[in-house]
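Written out below as structure tokens is the structure these notes cover.
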There are 2 protein chains.
Amino acid sequence: MATIKDVARRAGVAISTASAALNRSAPVSEDVIAKVAEAVRELGYVPHGAAQSLRSGQSRLIGLIVPNITNPHFSAVARIIENVCLSAGYLSMVFSTGQDSEREDHILRMLRQQRVAGLVIIPTRSDSEHGRRLMADIHVPTVLLDMLVEGLAFDVVKLDNVAATRLATEHLIALGHRRIAVLTGIAGLITSTDRLEGYLGACRRAGLPIEARLQLKGDYEQEIAARSVMEIMRQPDPPTAVVSFSNMMTLGALHALRALGIDCPREISIVGIDDFDFADLLDPPLTVVRVPLAPMAERSIGILLEMIGMKRPARGTVEIFQPELIARASTRAVTA
Amino acid sequence: MATIKDVARRAGVAISTASAALNRSAPVSEDVIAKVAEAVRELGYVPHGAAQSLRSGQSRLIGLIVPNITNPHFSAVARIIENVCLSAGYLSMVFSTGQDSEREDHILRMLRQQRVAGLVIIPTRSDSEHGRRLMADIHVPTVLLDMLVEGLAFDVVKLDNVAATRLATEHLIALGHRRIAVLTGIAGLITSTDRLEGYLGACRRAGLPIEARLQLKGDYEQEIAARSVMEIMRQPDPPTAVVSFSNMMTLGALHALRALGIDCPREISIVGIDDFDFADLLDPPLTVVRVPLAPMAERSIGILLEMIGMKRPARGTVEIFQPELIARASTRAVTA
DNA sequence: ATTTCCGGTCGAAACGTTTCGACCATTTCT
DNA sequence: AGAAATGGTCGAAACGTTTCGACCGGAAAT
């Protein structure tokens, strides 16, 4: 494969001149620029990224770490970040942790080996121990998306999670529901506690009793959510509505209800956090709280590229985006 | 950041010995191995991928190029390939072409700059001109997934596309349908022509008339499919069933029908190629032809890693996987 | 007892870039 | 007219690895 040496020889100039011509990193005559460009074309020269990276000490690689690329929520993020990176001359590398912190370690290590220029992470956990570990393992500019890790100097782009569940819960309350279950997320995650707080706050403000049994176990994935819904619906006094913390858990809940022969929305209402492409094609079309994902993803990669470009350190700023309720058919006034 | 030089100094050995100890590339005493490992731990040394890649002439990067990572079909592929790569010590880099061949060029170029060790591609087109261009641009082991490009020496892993639509069409015919529309894919793609052939063959064998107007325009995405369905359903003598070439187009069709107030499956049956997670939660639960995606993806990356590992050239082999019909509620016997 | 072999270690070259100081003509300033 | 600045070019060093040939001492083979 052709190297810059071949290009230089063909263009009849020194290697350093060819390099300068390619990168416009020093004054070069028009004549030479043209000859170099010509040689590049003829030889099909493509610079060797590893050599550039080694010498210059910078890479054009951006790491993106999400819980699961298979989830429409995260693949949408990946697509946006890929686009922004590509048009800024960077390359994004996406990885799924699968909520496995060992795997997260491994990925982080591989990315470190590649000397990525920066990282966008949707962390698996948000406790301070995990935060410390992240801080220790990461030596490049990093933006946390969707999730705040306690007391860390990373920049963060996130949703107003309290507002998200407040919107959802108040919507149900306005429809007359009084026994509202909530499908919670992984315990300890700030996302989960915030969303729980939004729900609890709305209940309290409406004078609804807070029942522990209505706080269903979940992990943001389908299966456990389905099981939790199964259980509660078999008990006496089942809830008349459910607030789900994620779209995958909403699907799990629908599966469970279908298996039990319970009709949504006639017998139970469901509202989930996070809209997605097919939400309106489901049976029933889902009422959801929409997360402004695209702007959030764009902003996060924007901040990251700015940090990299201007060599500016993390400021620990937190940008918060507001959710919005989209009422469709999975919620309905309670029929006394 | 610590280099192998630091590690060597700390362990009290030569750089080359440290390297040999790390890679087991030459006999090294147990004693030295231990000391080097110790030094690595103490310094938090992580090898510089670019330097390794530059010197050794090989990278541990695998490129994956799909039409759109946002499509559940492709994100599932990405996840599988990521897993296999990671456990084989490689790193996968996923990119979406968005059916844009200029963008595909750009991506290919960037991957070439990174000197990826190999490529898994789901090509945007399959005509021979595109094939030639691919062949010219690609100088690394490559496996084509899901799509055969005419007369090329790449190894290919694909679905039996003719069988897929044959299964779908015969299912509808068995239910008594005689005016069966087909939502076709991008013209010129071998996938599309194969699928069309499967449909036409089934129709012919059943003695159904072939009507050109029933072959609806599509591009594997939602929007155009929706428009095509809108149009045909407004004409006299609309079809009683539709075979869709992709899950996204099936969703588009569903949108269109809903907008027109046409009930599926009462007034029209739909069967789509490619199952996905939510297919059974849609309204109605979708009858689909399942594509054995996981085995296909695993096989493709398996072949690729084998080619890279054994330095064996492409053999131009084609491996074909068989689809399977999953009958759910979107298809129903025609009511005369 | 001499040669051969082998485990273990080392120094140096090489991979393909970027970057820096040096150099040479010109031009511009004083 | 001489000094200083400027545009254009070059050679060489450096980035952090891997790899190769050379070396050494001791064990095995003759």
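Ordering of the structure tokens sets the chain letters (A, B, ...), residue numbers begin anew at 1 in every chain, and ligands are numbered from 1 in the order given.
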Quick one: residues within 9 Å of Ile232 of chain A, only C-alpha atoms (C1' of nucleotides), excluding same-chain residues fewer than 4 positions away - as a list of chain:residue names?
A:Ala181, A:Arg213, A:Leu214, A:Leu216, A:Arg227, A:Ser228, A:Pro236, A:Asp237, A:Pro238, A:Pro239
Just to be explicit: take each residue in the selection above, keep C-alpha atoms, and write the result as a tab-separated table (two decimals), in the first residue's frame.
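Result file selection11.tsv:
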chain	number	residue	atom	x	y	z
A	181	ALA	CA	-48.29	0.96	40.03
A	213	ARG	CA	-46.44	-3.22	46.86
A	214	LEU	CA	-47.23	-0.97	43.92
A	216	LEU	CA	-42.72	-3.12	40.98
A	227	ARG	CA	-42.88	-11.09	35.71
A	228	SER	CA	-43.51	-8.23	38.12
A	236	PRO	CA	-56.31	-8.74	45.13
A	237	ASP	CA	-56.85	-5.05	44.47
A	238	PRO	CA	-54.64	-4.82	41.42
A	239	PRO	CA	-53.62	-1.39	40.14
Which neighbours of segment 10-27 of chain C fall inside 7 Å, counting only C-alpha atoms (C1' of nucleotides), when residues of the same chain fewer than 4 positions from it are skipped, and could you give them as a ChimeraX atom specification?
/A:3,48,51-52,55-56 /B:14,54-55
Kindly save the residues from that selection, with C-alpha atoms included, as a short mmCIF file (atom, residue, chain, number, x, y, z; two decimals), in the first residue's frame.
data_model
loop_
_atom_site.label_atom_id
_atom_site.label_comp_id
_atom_site.auth_asym_id
_atom_site.auth_seq_id
_atom_site.Cartn_x
_atom_site.Cartn_y
_atom_site.Cartn_z
CA THR A 3 2.85 5.54 1.78
CA HIS A 48 -2.04 5.36 7.79
CA ALA A 51 1.05 6.22 12.15
CA GLN A 52 -0.69 9.58 12.32
CA ARG A 55 3.19 10.51 15.88
CA SER A 56 0.67 13.23 16.59
CA ALA B 14 15.26 -4.78 28.09
CA LEU B 54 1.94 0.43 12.90
CA ARG B 55 4.77 -1.90 13.69
#
Name all residues at most 10 Å from Gly118 of chain B (count only C-alpha atoms (C1' of nucleotides); drop same-chain ones fewer than 2 positions away) and give them as a PyMOL selection string.
chain B and resi 59-64+92+111-112+115-116+120-121+138-143+301+304-305+307-308
Hey, what does DSSP flag as strand (DSSP E) within segment 22-258 of chain B? Can you give it to me as an mmCIF file with N, CA and C atoms, in the first residue's frame?
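Just written: result-v2.cif:
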data_model
loop_
_atom_site.group_PDB
_atom_site.id
_atom_site.type_symbol
_atom_site.label_atom_id
_atom_site.label_comp_id
_atom_site.auth_asym_id
_atom_site.auth_seq_id
_atom_site.Cartn_x
_atom_site.Cartn_y
_atom_site.Cartn_z
ATOM 1 N N LEU B 61 -9.124 -4.202 14.408
ATOM 2 C CA LEU B 61 -10.387 -3.505 14.154
ATOM 3 C C LEU B 61 -11.169 -4.211 13.055
ATOM 4 N N ILE B 62 -12.450 -4.360 13.291
ATOM 5 C CA ILE B 62 -13.329 -4.957 12.291
ATOM 6 C C ILE B 62 -14.404 -3.931 11.951
ATOM 7 N N GLY B 63 -14.616 -3.685 10.676
ATOM 8 C CA GLY B 63 -15.654 -2.747 10.274
ATOM 9 C C GLY B 63 -16.946 -3.470 9.947
ATOM 10 N N LEU B 64 -18.057 -2.907 10.405
ATOM 11 C CA LEU B 64 -19.366 -3.465 10.065
ATOM 12 C C LEU B 64 -20.165 -2.346 9.414
ATOM 13 N N ILE B 65 -20.609 -2.588 8.199
ATOM 14 C CA ILE B 65 -21.356 -1.558 7.485
ATOM 15 C C ILE B 65 -22.758 -2.049 7.188
ATOM 16 N N VAL B 66 -23.739 -1.362 7.755
ATOM 17 C CA VAL B 66 -25.138 -1.751 7.573
ATOM 18 C C VAL B 66 -25.910 -0.567 6.999
ATOM 19 N N LEU B 91 -12.180 -5.459 17.875
ATOM 20 C CA LEU B 91 -13.112 -4.390 18.173
ATOM 21 C C LEU B 91 -13.920 -4.116 16.914
ATOM 22 N N SER B 92 -15.237 -4.078 17.047
ATOM 23 C CA SER B 92 -16.049 -3.816 15.862
ATOM 24 C C SER B 92 -16.414 -2.340 15.788
ATOM 25 N N MET B 93 -16.482 -1.839 14.583
ATOM 26 C CA MET B 93 -16.908 -0.461 14.366
ATOM 27 C C MET B 93 -18.093 -0.470 13.412
ATOM 28 N N VAL B 94 -19.242 -0.017 13.889
ATOM 29 C CA VAL B 94 -20.471 -0.085 13.095
ATOM 30 C C VAL B 94 -20.772 1.240 12.423
ATOM 31 N N PHE B 95 -21.202 1.168 11.183
ATOM 32 C CA PHE B 95 -21.598 2.385 10.485
ATOM 33 C C PHE B 95 -22.844 2.161 9.645
ATOM 34 N N SER B 96 -23.636 3.226 9.526
ATOM 35 C CA SER B 96 -24.853 3.180 8.721
ATOM 36 C C SER B 96 -24.640 3.959 7.443
ATOM 37 N N GLY B 118 -10.634 -6.374 8.757
ATOM 38 C CA GLY B 118 -11.636 -7.043 7.941
ATOM 39 C C GLY B 118 -12.958 -6.306 7.976
ATOM 40 N N LEU B 119 -13.854 -6.723 7.102
ATOM 41 C CA LEU B 119 -15.116 -6.009 6.932
ATOM 42 C C LEU B 119 -16.279 -6.991 6.826
ATOM 43 N N VAL B 120 -17.381 -6.646 7.498
ATOM 44 C CA VAL B 120 -18.644 -7.322 7.221
ATOM 45 C C VAL B 120 -19.556 -6.259 6.642
ATOM 46 N N ILE B 121 -20.046 -6.510 5.466
ATOM 47 C CA ILE B 121 -20.847 -5.488 4.795
ATOM 48 C C ILE B 121 -22.213 -6.017 4.401
ATOM 49 N N THR B 142 -13.224 -9.670 3.502
ATOM 50 C CA THR B 142 -14.577 -9.124 3.592
ATOM 51 C C THR B 142 -15.621 -10.213 3.424
ATOM 52 N N VAL B 143 -16.652 -10.131 4.244
ATOM 53 C CA VAL B 143 -17.784 -11.040 4.094
ATOM 54 C C VAL B 143 -19.020 -10.200 3.826
ATOM 55 N N LEU B 144 -19.780 -10.603 2.835
ATOM 56 C CA LEU B 144 -21.026 -9.921 2.516
ATOM 57 C C LEU B 144 -22.154 -10.621 3.257
ATOM 58 N N LEU B 145 -22.959 -9.829 3.974
ATOM 59 C CA LEU B 145 -24.039 -10.432 4.730
ATOM 60 C C LEU B 145 -25.358 -10.052 4.090
ATOM 61 N N ASP B 155 -16.813 -13.767 0.089
ATOM 62 C CA ASP B 155 -17.625 -14.801 0.702
ATOM 63 C C ASP B 155 -18.959 -14.179 1.095
ATOM 64 N N VAL B 156 -20.005 -14.965 1.020
ATOM 65 C CA VAL B 156 -21.336 -14.425 1.259
ATOM 66 C C VAL B 156 -22.122 -15.318 2.215
ATOM 67 N N VAL B 157 -22.833 -14.686 3.139
ATOM 68 C CA VAL B 157 -23.785 -15.395 3.994
ATOM 69 C C VAL B 157 -25.141 -14.766 3.737
ATOM 70 N N LYS B 158 -26.087 -15.569 3.294
ATOM 71 C CA LYS B 158 -27.367 -14.961 2.955
ATOM 72 C C LYS B 158 -28.559 -15.854 3.249
ATOM 73 N N LEU B 159 -29.695 -15.226 3.133
ATOM 74 C CA LEU B 159 -30.958 -15.920 3.321
ATOM 75 C C LEU B 159 -31.395 -16.504 1.978
ATOM 76 N N ILE B 180 -52.952 -10.644 -4.410
ATOM 77 C CA ILE B 180 -51.910 -10.426 -3.410
ATOM 78 C C ILE B 180 -50.917 -9.394 -3.908
ATOM 79 N N ALA B 181 -50.854 -8.276 -3.194
ATOM 80 C CA ALA B 181 -49.882 -7.244 -3.568
ATOM 81 C C ALA B 181 -48.545 -7.566 -2.927
ATOM 82 N N VAL B 182 -47.512 -6.943 -3.464
ATOM 83 C CA VAL B 182 -46.194 -7.165 -2.897
ATOM 84 C C VAL B 182 -45.484 -5.817 -2.770
ATOM 85 N N LEU B 183 -44.962 -5.595 -1.601
ATOM 86 C CA LEU B 183 -44.240 -4.361 -1.314
ATOM 87 C C LEU B 183 -42.770 -4.645 -1.585
ATOM 88 N N GLN B 215 -47.474 -4.885 -7.870
ATOM 89 C CA GLN B 215 -46.083 -4.838 -7.406
ATOM 90 C C GLN B 215 -45.761 -3.421 -6.955
ATOM 91 N N LEU B 216 -45.885 -3.194 -5.666
ATOM 92 C CA LEU B 216 -45.786 -1.841 -5.128
ATOM 93 C C LEU B 216 -44.340 -1.421 -4.928
ATOM 94 N N ALA B 241 -54.474 -8.943 0.238
ATOM 95 C CA ALA B 241 -53.320 -9.322 1.055
ATOM 96 C C ALA B 241 -52.061 -8.645 0.524
ATOM 97 N N VAL B 242 -51.093 -8.497 1.418
ATOM 98 C CA VAL B 242 -49.826 -7.875 1.038
ATOM 99 C C VAL B 242 -48.662 -8.700 1.583
ATOM 100 N N VAL B 243 -47.676 -8.883 0.726
ATOM 101 C CA VAL B 243 -46.411 -9.451 1.175
ATOM 102 C C VAL B 243 -45.402 -8.306 1.208
ATOM 103 N N SER B 244 -44.802 -8.089 2.371
ATOM 104 C CA SER B 244 -43.841 -6.988 2.493
ATOM 105 C C SER B 244 -42.422 -7.530 2.596
#
Would you list the contacts of segment 188-195 of chain A as an MDAnalysis selection string, taking every protein, DNA or RNA residue within 10 Å and counting only C-alpha atoms (C1' of nucleotides), but skipping same-chain residues closer than 3 positions in sequence?
chainID A and resid 123:127 146:150 158:166 182:185 198:201 218:220 243:245 273
Could you tell me which residues of chain D sit within 8 Å of chain A when counting only C-alpha atoms (C1' of nucleotides), and give me the result as a list in words?
DG7, DG8, DT9, DC10, DA14, DC15 and DG16 of chain D
Write out the residues from the selection above, keeping C-alpha atoms (C1' of nucleotides), as a compact mmCIF listing (two decimals), in the first residue's frame.
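Below is the file selection.txt, written as the result:
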# COMPACT_ATOMS: atom_id res chain seq x y z
C1' DG D 7 7.86 31.96 1.68
C1' DG D 8 9.14 27.63 0.44
C1' DT D 9 11.67 23.47 0.94
C1' DC D 10 14.37 19.93 3.13
C1' DA D 14 10.54 11.18 17.38
C1' DC D 15 6.13 8.64 18.55
C1' DG D 16 5.69 3.18 21.01
Report the closest atom pair, with its distance in Å rounded to one decimal, for each residue of chain A that has an atom no farther than 9 Å from chain B; count only C-alpha atoms, sort by chain and then rising residue number, and write it as a tab-separated table.
residue	atom	partner	partner_atom	distance
A:Val46	CA	B:Gln113	CA	5.9
A:Pro47	CA	B:Gln113	CA	5.9
A:His48	CA	B:Gln113	CA	5.5
A:Gly49	CA	B:Gln114	CA	5.0
A:Ala50	CA	B:Ala50	CA	4.3
A:Ala51	CA	B:Leu54	CA	5.9
A:Gln52	CA	B:Ala50	CA	8.5
A:Ser53	CA	B:Ala50	CA	6.4
A:Leu54	CA	B:Ala50	CA	5.7
A:Ser59	CA	B:Ala50	CA	8.9
A:Asn68	CA	B:Arg79	CA	8.0
A:Ile69	CA	B:Ser75	CA	6.2
A:Thr70	CA	B:Ser75	CA	5.2
A:Asn71	CA	B:Pro72	CA	8.0
A:Pro72	CA	B:Thr70	CA	6.5
A:His73	CA	B:Thr70	CA	8.9
A:Phe74	CA	B:Thr70	CA	8.6
A:Ser75	CA	B:Thr70	CA	5.2
A:Ala76	CA	B:Thr70	CA	5.7
A:Val77	CA	B:Thr70	CA	8.9
A:Ala78	CA	B:Ile69	CA	7.8
A:Arg79	CA	B:Ile69	CA	6.6
A:Glu82	CA	B:Phe95	CA	7.2
A:Asn83	CA	B:Ser96	CA	8.8
A:Leu86	CA	B:Ile107	CA	8.2
A:Gly89	CA	B:Met110	CA	8.8
A:Tyr90	CA	B:Met110	CA	8.9
A:Leu91	CA	B:Met110	CA	7.7
A:Ser92	CA	B:Met93	CA	7.4
A:Met93	CA	B:Met93	CA	5.1
A:Val94	CA	B:Met93	CA	6.7
A:Phe95	CA	B:Glu82	CA	7.2
A:Ser96	CA	B:Arg79	CA	7.4
A:His106	CA	B:Leu86	CA	8.7
A:Ile107	CA	B:Leu86	CA	8.2
A:Arg109	CA	B:Val46	CA	7.7
A:Met110	CA	B:Leu91	CA	7.7
A:Leu111	CA	B:Leu91	CA	8.8
A:Arg112	CA	B:Val46	CA	7.3
A:Gln113	CA	B:Gly49	CA	5.2
A:Gln114	CA	B:Gly49	CA	5.0
A:Arg115	CA	B:His48	CA	7.1
A:Leu251	CA	B:Leu281	CA	7.5
A:Leu254	CA	B:Leu281	CA	7.3
A:His255	CA	B:Leu281	CA	7.2
A:Arg258	CA	B:Leu281	CA	8.8
A:Phe278	CA	B:Leu251	CA	7.6
A:Ala279	CA	B:Leu282	CA	8.8
A:Asp280	CA	B:His255	CA	8.7
A:Leu281	CA	B:Leu282	CA	5.9
A:Leu282	CA	B:Leu282	CA	4.0
A:Asp283	CA	B:Asp283	CA	4.4
A:Pro284	CA	B:Asp283	CA	7.0
A:Pro285	CA	B:Asp283	CA	8.3
Just give me the gap between atom C1' of DC24 of chain D and atom CA of Ala39 of chain B in Å, one decimal is fine.
26.1 Å
Interatomic distance (Å, one decimal) between atom CA of Ile33 of chain B and atom CA of Ser19 of chain B
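Here the two named atoms are 10.1 Å from each other.
Considering the residues B:Pro323, B:Gly261, B:Gly12, B:Gly176 and counting only C-alpha atoms (C1' of nucleotides), chain C has its shortest atom-to-atom contact with B:Gly12.
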Could you give me, as a list in words, the residues within 10 Å of DG25 of chain D, counting only C-alpha atoms (C1' of nucleotides) and dropping anything in the same chain fewer than 2 positions from it?
DG7 and DG8 of chain C; DC23 and DA27 of chain D
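Taking atom CA of Glu223 of chain B and atom CA of Gly272 of chain A as the two end points, the separation is 25.6 Å.
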